[in-house]
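Here is the structure we will look at, set down as structure tokens.
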Amino acid sequence: MQKGSFVGNIIKDLGLDTKEFSDRGVRIVSRGKRQYFALNVKSGYLYSTERIDRDQICGQMEKCLLNFEVLVKDKAKLFAVEVEITDINDNEPRFQEDELEFRISELVAVGTRYFLEGAQDPDVGINSVQGYNLSSNKHFSLDVQTGAHGDKYAELVLEKSLDREEQDVHDLILTATDGGDPVRSGTAQIRVIVLDANDNAPVFSQPVYKVSVLENVPVGSLLLTVNATDPDEAINSEVTYSLRKMKDKASQIFQVDSKTGEISTVGNLDYEEAASYEMEVQAKDVGDLTARSKVLIAVIDINDNEPQITVTSVTNSVSEDSPPGTVIVFIHLHDLDSGENGDVICSITPNLPFRLQKSFDNYYSLVTDRALDRERVSDYNVTITATDRGTPPLPSTTTILVQLSDINDNAPIFNQTSYTLYITENNPRGASVCSLKANDPDSGENARVTYSITGTQIQEAPLSSSISINSETGALYALRSFDYEQFREIRFQVQAQDGGSPPLSSNVSVTLFILDQNDNSPHILHPSFPTDGSTGVELAPRSSEPGYLVTKVVAVDADSGQNAWLSYQLLKATEPGLFSVGLHSGEIRTARSFVDKDALKQSLVVLVKDNGRPPLSATATVTVVVADSIPEILSDLSSLSAPADPQSSLTLYLVIAVASVSCLFFTFILVLLALRLRRWRNSQLFDSSSVTFSGVPVSQFVGIDGVRAFLHSYSHEGSLTTNSRKSQFNFPKSNYSNTLTSQQTCEIKDPVSISADLKSGEGEQKFVQDGPRNALIQTNFRCPLCTYIQAFIISLELQFSDRDSECRCWPIRCGAAAEDPLEPAAV
């Protein structure tokens, strides 16, 4: 159909009117690349946009359909459209070849059939090829057959014998027709050439052909040329050559030129695969008459193959304690060449603990030549070299790995001969100290090292409670927190044992030093801190010159090194500038002379600080009383008292009590003195030296509830504690009243009731007080007056002290005249 031809009415098929069709936005959606149809939106007609060739689009398909869709936009619908293209007879049948040629011998039998190629028609159905016709002749006829699918094909049948002498060529016309209207046809010319009869076979020039060739000849080399002749004339005398009775391998190596008879190589020759080849060459004429001749090809060997080395292992590894001569592997040598080209000699890498030992033929064995040591060399790469005797000689090499198996012949070895480790005290439990490492040059289980600690005790505690070690890694851990002040080092041994059988082990000494931390504050030894909250009191004469040593603060620090270096400084003073403290000695000295306006009681706070990081400190409170004599102290006792607690009236009560009994006190002293003097006269131990207060230096003290008056350095100190079965007396030996010296201390364990017993000649005084807070003090004095004074003051304190406070007892220091120095008495 022509371009623009009417195909169909879309409006009618969809049931729409023309107005609705044009308003709804209708268009064609094509599936293919080419658009064969168009739609008139005004009329709704479908028309062709170009000429349609069914044969090009659908080929031999019986039904040719073109599919597309019509889209109605306002309804959002697609309508499928199929247009069938019907065939017309617009193509004639056509043969692939316009001229067909057949060469038929004049001896061909009647009835012989020859297949003819059919004609092709692009049309389908009745418009395709429906029959064949042959031009009239007397020798051939045409037999038309119908195939399974209805297609037609023809065969040329010989109806009468041919005679080349009568007619040597027959020209025929083959016509193919279709079934269209009008009928179309196509023709092809058939030429039959009558061949002459062949009555002579070819003949070779010699029955057997022999040739020798080197195996390394290049591909394509000419080996020989065979020749056969045919006595016939013309085409019957033409001969073609071919090779027969060849093995598959030979067929890939040799070829013969079918026209010239030249035999050449198309593959590589290999003497080792085949030393010779035997085959037949055939000569054939056009009439299938043949002749055959034998061809023998001998291959000459050259040295083109390297020796082959085959290694057979006897064992996977060789034990390092294997004796010399132990077989490791067997070696077989083989060369595919022949003669000297196949004669092989063998060698191995020199300077190895192995040697080759020939077994038989081309077999060798690799054996150990000397003792082996896996720890020195764990494996060997042994290179085996095989060389033939060809010209030139060809070598080949192979390398085998000889691995030595381990035996447990080495004990673990630590990295150091001994270890010195450090850990800071107060470490957390489980802290890692160090990791010890021992190496075992063996391998496998023989090199698996386990660690353990050997040792005894640390301060009667088992070592295992302080130190542990990871048996696998050798990591040391502290199981407890160490205290430098308890012990400063731990010595033990660590054992490393391998996993061999039997196991081997070694020990190493480990010294763990505990490093000090500043974890202890300075401890004040003097002045001692009373348990009832009172402060120490020292006596300083008003006549003291600047630099006078009042007392000394003594402190110790349990730490060591710079953590124990102590420094002293005056933190607080009643009269700033009146006293000074030695930075490193702790000595409290007067910085200037006393004046009248200076208070009788001076309170000093001394800071004692260590040199740690961070520093720790402690304070000591010292009360200094400025007085020249004991009477002056006693008259001013009320002014010395200082309330320890603002909430308590204990100090006030004590002052009132002292003032009330002062008269009774002196009366009592005089009576006791008279009695004592009388008894002393009866004693031969009594010292004739007079005892007066004027001879007593004013550097000792007497104290009531935190108030202490100083006496001479020859003194006895008694300390009583409440609810305790222990009390102490200290006997300083020095003449220096302001320096802390070594003391002899005795403990009083059992409380007893008060009794006073003055023993003549011994100067012994006993004071006992009943009650749950009792303490017994026994001292020896040569001065009876001081003994009674001490007893009276202790009795006053015990009577007026608060029930809830501890028993307070102050030591009384006294001394005889300068001409009769007092020696400490035994307690």
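By convention in this document, the chains of the structure tokens carry letters A, B, ... by their order, each chain's residues are numbered from 1, and ligands are numbered from 1 in the order they are shown.
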List the neighbours of region 345-355 of chain A out to 9 Å using only C-alpha atoms; skip same-chain residues closer than 2 positions along the sequence, and give me the result as a ChimeraX atom specification. /A:324-325,333,343,357,362,364-372,380-389
Where does DSSP see strand (DSSP E or B) in region 364-604 of chain A, if you list the residues as a count of residues only? 113
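As for CA of Val192 (chain A) and CA of His170 (chain A), they are spaced 4.8 Å apart.
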As a list in words, please: the residues near region 222-229 of chain A (cut-off 7 Å, only C-alpha atoms, same-chain neighbours under 2 positions excluded). Pro202, Val203, Phe204, Ser205, Gly220, Pro231, Gly261, Glu262, Ile263, Ser264, Thr265 and Ala283 of chain A
Kindly give the distance, in Å, that separates CA of Cys434 (chain A) and CA of Thr473 (chain A), rounded to a single decimal. 10.6 Å
Counting only C-alpha atoms, which residues in region 588-627 of chain A sit no more than 12 Å from region 512-532 of chain A? For each one, give the nearest pair of atoms and the distance in Å, sorted by chain then residue number, as JSON lines.
```
{"residue": "A:Ile588", "atom": "CA", "partner": "A:Pro527", "partner_atom": "CA", "distance": 11.7}
{"residue": "A:Leu604", "atom": "CA", "partner": "A:Pro527", "partner_atom": "CA", "distance": 11.8}
{"residue": "A:Val605", "atom": "CA", "partner": "A:Pro527", "partner_atom": "CA", "distance": 11.4}
{"residue": "A:Val606", "atom": "CA", "partner": "A:Ile524", "partner_atom": "CA", "distance": 10.4}
{"residue": "A:Leu607", "atom": "CA", "partner": "A:Pro522", "partner_atom": "CA", "distance": 9.8}
{"residue": "A:Val608", "atom": "CA", "partner": "A:Pro522", "partner_atom": "CA", "distance": 6.7}
{"residue": "A:Lys609", "atom": "CA", "partner": "A:Pro522", "partner_atom": "CA", "distance": 6.8}
{"residue": "A:Asp610", "atom": "CA", "partner": "A:Pro522", "partner_atom": "CA", "distance": 6.8}
{"residue": "A:Asn611", "atom": "CA", "partner": "A:Asn518", "partner_atom": "CA", "distance": 8.5}
{"residue": "A:Gly612", "atom": "CA", "partner": "A:Asn518", "partner_atom": "CA", "distance": 5.3}
{"residue": "A:Arg613", "atom": "CA", "partner": "A:Asn518", "partner_atom": "CA", "distance": 6.7}
{"residue": "A:Pro614", "atom": "CA", "partner": "A:Asn518", "partner_atom": "CA", "distance": 7.4}
{"residue": "A:Pro615", "atom": "CA", "partner": "A:Asn518", "partner_atom": "CA", "distance": 7.3}
{"residue": "A:Leu616", "atom": "CA", "partner": "A:Ser521", "partner_atom": "CA", "distance": 5.1}
{"residue": "A:Ser617", "atom": "CA", "partner": "A:Ser521", "partner_atom": "CA", "distance": 5.6}
{"residue": "A:Ala618", "atom": "CA", "partner": "A:Pro522", "partner_atom": "CA", "distance": 5.8}
{"residue": "A:Thr619", "atom": "CA", "partner": "A:Ile524", "partner_atom": "CA", "distance": 7.9}
{"residue": "A:Ala620", "atom": "CA", "partner": "A:Ile524", "partner_atom": "CA", "distance": 7.0}
{"residue": "A:Thr621", "atom": "CA", "partner": "A:Pro527", "partner_atom": "CA", "distance": 8.0}
{"residue": "A:Val622", "atom": "CA", "partner": "A:Pro527", "partner_atom": "CA", "distance": 7.3}
{"residue": "A:Thr623", "atom": "CA", "partner": "A:Pro527", "partner_atom": "CA", "distance": 10.1}
{"residue": "A:Val624", "atom": "CA", "partner": "A:Pro527", "partner_atom": "CA", "distance": 11.8}
```
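Picture a line from CA of Ser603 (chain A) to CA of Val550 (chain A); it runs 12.7 Å.
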Could you pull the residues within 12 Å of Pro502 (chain A), counting only C-alpha atoms, minus those fewer than 6 positions along the same chain, as an mmCIF file with all heavy atoms, in the first residue's frame?
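As a result, result-v7.cif now contains:
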```cif
data_model
loop_
_atom_site.group_PDB
_atom_site.id
_atom_site.type_symbol
_atom_site.label_atom_id
_atom_site.label_comp_id
_atom_site.auth_asym_id
_atom_site.auth_seq_id
_atom_site.Cartn_x
_atom_site.Cartn_y
_atom_site.Cartn_z
ATOM 1 N N ILE A 407 64.898 -31.893 69.571
ATOM 2 C CA ILE A 407 64.889 -32.671 70.814
ATOM 3 C C ILE A 407 65.147 -31.683 71.938
ATOM 4 O O ILE A 407 65.720 -30.604 71.727
ATOM 5 C CB ILE A 407 65.940 -33.794 70.805
ATOM 6 C CG1 ILE A 407 67.362 -33.209 70.708
ATOM 7 C CG2 ILE A 407 65.670 -34.782 69.689
ATOM 8 C CD1 ILE A 407 68.450 -34.226 70.900
ATOM 9 N N ASN A 408 64.724 -32.039 73.111
ATOM 10 C CA ASN A 408 64.828 -31.112 74.248
ATOM 11 C C ASN A 408 66.247 -31.177 74.827
ATOM 12 O O ASN A 408 66.506 -31.856 75.821
ATOM 13 C CB ASN A 408 63.787 -31.456 75.310
ATOM 14 C CG ASN A 408 63.664 -30.361 76.345
ATOM 15 O OD1 ASN A 408 63.940 -29.202 76.060
ATOM 16 N ND2 ASN A 408 63.245 -30.712 77.532
ATOM 17 N N ASP A 409 67.158 -30.447 74.179
ATOM 18 C CA ASP A 409 68.552 -30.457 74.615
ATOM 19 C C ASP A 409 69.017 -29.088 75.097
ATOM 20 O O ASP A 409 70.213 -28.874 75.293
ATOM 21 C CB ASP A 409 69.462 -30.934 73.484
ATOM 22 C CG ASP A 409 69.296 -30.088 72.227
ATOM 23 O OD1 ASP A 409 68.324 -29.321 72.143
ATOM 24 O OD2 ASP A 409 70.147 -30.203 71.318
ATOM 25 N N ASN A 410 68.075 -28.153 75.273
ATOM 26 C CA ASN A 410 68.434 -26.820 75.742
ATOM 27 C C ASN A 410 67.453 -26.380 76.829
ATOM 28 O O ASN A 410 66.229 -26.493 76.656
ATOM 29 C CB ASN A 410 68.409 -25.794 74.607
ATOM 30 C CG ASN A 410 69.498 -26.029 73.593
ATOM 31 O OD1 ASN A 410 70.635 -25.631 73.767
ATOM 32 N ND2 ASN A 410 69.148 -26.724 72.506
ATOM 33 N N ALA A 411 68.008 -25.902 77.911
ATOM 34 C CA ALA A 411 67.175 -25.362 78.991
ATOM 35 C C ALA A 411 66.839 -23.904 78.688
ATOM 36 O O ALA A 411 67.570 -23.222 77.965
ATOM 37 C CB ALA A 411 67.913 -25.456 80.333
ATOM 38 N N GLU A 445 56.835 -27.936 71.647
ATOM 39 C CA GLU A 445 56.580 -28.135 73.069
ATOM 40 C C GLU A 445 57.858 -28.008 73.888
ATOM 41 O O GLU A 445 57.828 -27.618 75.048
ATOM 42 C CB GLU A 445 55.943 -29.515 73.275
ATOM 43 C CG GLU A 445 55.334 -29.736 74.634
ATOM 44 C CD GLU A 445 54.092 -28.888 74.865
ATOM 45 O OE1 GLU A 445 53.528 -28.384 73.867
ATOM 46 O OE2 GLU A 445 53.690 -28.734 76.025
ATOM 47 N N ASN A 446 58.990 -28.324 73.264
ATOM 48 C CA ASN A 446 60.267 -28.201 73.972
ATOM 49 C C ASN A 446 60.620 -26.752 74.270
ATOM 50 O O ASN A 446 61.458 -26.477 75.133
ATOM 51 C CB ASN A 446 61.388 -28.838 73.161
ATOM 52 C CG ASN A 446 61.196 -30.338 73.000
ATOM 53 O OD1 ASN A 446 60.611 -30.983 73.849
ATOM 54 N ND2 ASN A 446 61.680 -30.887 71.894
#
```
Can you pull out every residue within 12 Å of Glu233 (chain A), counting only C-alpha atoms, but drop anything in the same chain fewer than 2 positions away, and send it as a list of chain:residue names?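 Answer for this query is A:Asp196, A:Ala197, A:Asn198, A:Asp199, A:Asn200, A:Ala201, A:Pro202, A:Thr229, A:Asp230, A:Pro231, A:Ile235, A:Asn236, A:Ser237, A:Glu238, A:Val239, A:Asp285, A:Val286.
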Taking the DSSP assignment computed from this structure's backbone, write out as a count of residues only all residues of region 139-376 of chain A that belong to helix (DSSP H, G or I). 12
